[in-house]
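Below is one structure; the comments refer to it alone.
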Amino acid sequence: MAVRPTLRCLTHELGLKIPPADIALDEIDHPLLRKASDQFADPAGLRERILSIDDTVMFKIKVQRWRAAAWTDQDDQTWLVAAGQREAGSRDDFYQALASAARTAKTRYNSEHAPPLQTDTHTAAWLPNADDRDRYILEAGLRFRRQLKATVLTLARNSLLDGHEHTAEIGGATIGIHIRAEDGHETYVALRIIGAVPDTLLATVLILVPGCDRDGWGYELAMPDRELADNEQVWSNMMEPTAAAELLDAEHTS
Amino acid sequence: MVHLHGAVTGRHSQRPTRDVDVLLDIGVMPSSIKDAVRILNGMGYRIAQASSACHRLVPMCTLGTDEEVPMADTAVLKVDGSTHALVAHGATALHMTHKELVGAAVREYLANRRDTINARLRAVMAQIDDTETSQVAALTGLSPERIAELGGVPE
């Protein structure tokens, strides 16, 4: 699993802007992240622990003049939680400075909380927080939305081609699309979803079907050629013929 | 079938359904199926074929004289006692089977509430526009402002 920087480390210490969500943080091109990912690719790989940090297990990442601290969460995702550049004439002052700051954080924590921490350091402020979790969710959500769109377009195109229902599994649900486009008649779309899907997912799927008026979707009690299956919901609409023609012609990849 | 085995060993319990399980040893008497069906028909039961190996016998007074209930096409629907009594009462009054009444009632109920179901979907759709940001917000629960703070979605 590639190493991700925390947003704090990325912006404050590596001096980089937060990239748009289609660039995963573990894909950012930086010597420290490349080195860290190489180092943590092998679970049994050689690593050097930062001994002066004792409340969590952090490892040293060194490349060129860059120094960093890596920490692995309970899901085995490794994060770059602190980074800096080695000062000229000093070997490891980055780690000494990190430990000193973590000791100060522990003193501050103990002055404000009870019971006091028994460790020498307190590194919670460096570890991934709600921003990092939300960024992870955002990247996954964007990937899922793009996969969803590609799936809906593929199913619609395949059904337009042969007039039969086509299905795919995505995100724990089964989506099926059946389009009837007979000469001289309107193009009828039936879309079904099996699974306990939230309303927002259903609405997004229906919005992604091209050429259909949002207000035209209607709840159905059966698919065109069969009864409902267990845990299945069916919606129908009319598709604009021009959209159907474009769907057949165009290469939709986004 | 559990009740049948219990009966063989002298244990009798109250059955939750009105169908009858019958176990026949056709190795002893090949014509036993035909004879058993004739006797059971005389008692008011009708055999409903589900497969070549398994049948369900149901009281004719409940299902009607022409109805067959394939086992693979039925599912258990749990209702409370008062609802069950209402189904039985309604089915008798309408000369329908329980199955017919429940099926027709559910279809009519849903058909009458299509507008409500459609309106609920449209209310959700109204929160989502055609941009990727809006759709990702709907899928993740993150607000568009929060998405922008976290790097945004390229449109």
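Residue numbers start at 1 in each chain; chains themselves are named A, B, ... in the order of the structure tokens; ligands are numbered from 1 in the order shown.
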Near chain B, meaning an atom within 9 Å, which residues of chain A appear when counting only C-alpha atoms? Write them as a compact mmCIF listing (two decimals) with C-alpha atoms, in the first residue's frame.
# COMPACT_ATOMS: atom_id res chain seq x y z
CA LEU A 7 -2.69 17.21 4.58
CA LYS A 17 -0.85 22.48 -2.59
CA ILE A 18 -3.64 19.99 -2.04
CA PRO A 19 -4.21 18.41 -5.47
CA PRO A 20 -7.71 17.90 -6.91
CA ALA A 21 -9.41 14.71 -5.79
CA ASP A 22 -8.67 12.82 -9.01
CA ASP A 131 -9.40 16.31 7.25
CA ASP A 132 -7.32 13.32 6.18
CA ASP A 134 -12.52 13.18 4.60
CA ARG A 135 -9.93 13.56 1.84
CA ILE A 137 -13.49 9.54 1.41
CA LEU A 138 -13.51 12.25 -1.27
CA ALA A 140 -12.93 7.13 -3.07
CA GLY A 141 -16.23 8.91 -3.77
CA LEU A 142 -14.92 10.45 -6.98
CA PHE A 144 -16.89 5.48 -7.40
CA ARG A 145 -18.88 8.20 -9.18
CA ARG A 146 -16.74 7.79 -12.33
CA PRO A 198 -29.35 4.96 -0.11
CA ASP A 199 -31.66 7.39 -1.91
CA THR A 200 -28.67 9.55 -2.89
CA LEU A 201 -27.08 6.65 -4.77
CA LEU A 202 -30.35 5.83 -6.54
CA ALA A 203 -30.85 9.49 -7.50
CA THR A 204 -27.27 9.78 -8.78
CA LEU A 206 -30.85 7.93 -12.47
CA ILE A 207 -29.27 11.34 -13.14
CA LEU A 208 -26.39 9.59 -14.93
CA ARG A 214 -35.29 14.19 -14.20
CA ASP A 215 -38.98 14.67 -13.51
CA TRP A 217 -38.60 8.99 -13.62
CA GLY A 218 -41.46 6.91 -12.25
CA TYR A 219 -41.61 4.07 -9.75
CA GLU A 220 -42.61 0.73 -11.32
CA LEU A 221 -43.92 -2.51 -9.89
Contacts of Tyr95 of chain A at 10 Å (only C-alpha atoms; same-chain gap of 4+ positions) as a ChimeraX atom specification:
/A:50-53,60,67-69,82-84,86,91,99-101
May I have all residues of segment 96-159 of chain A that DSSP, computed from the backbone, assigns to alpha helix (DSSP H), given as an MDAnalysis selection string?
chainID A and resid 96:112 130:159
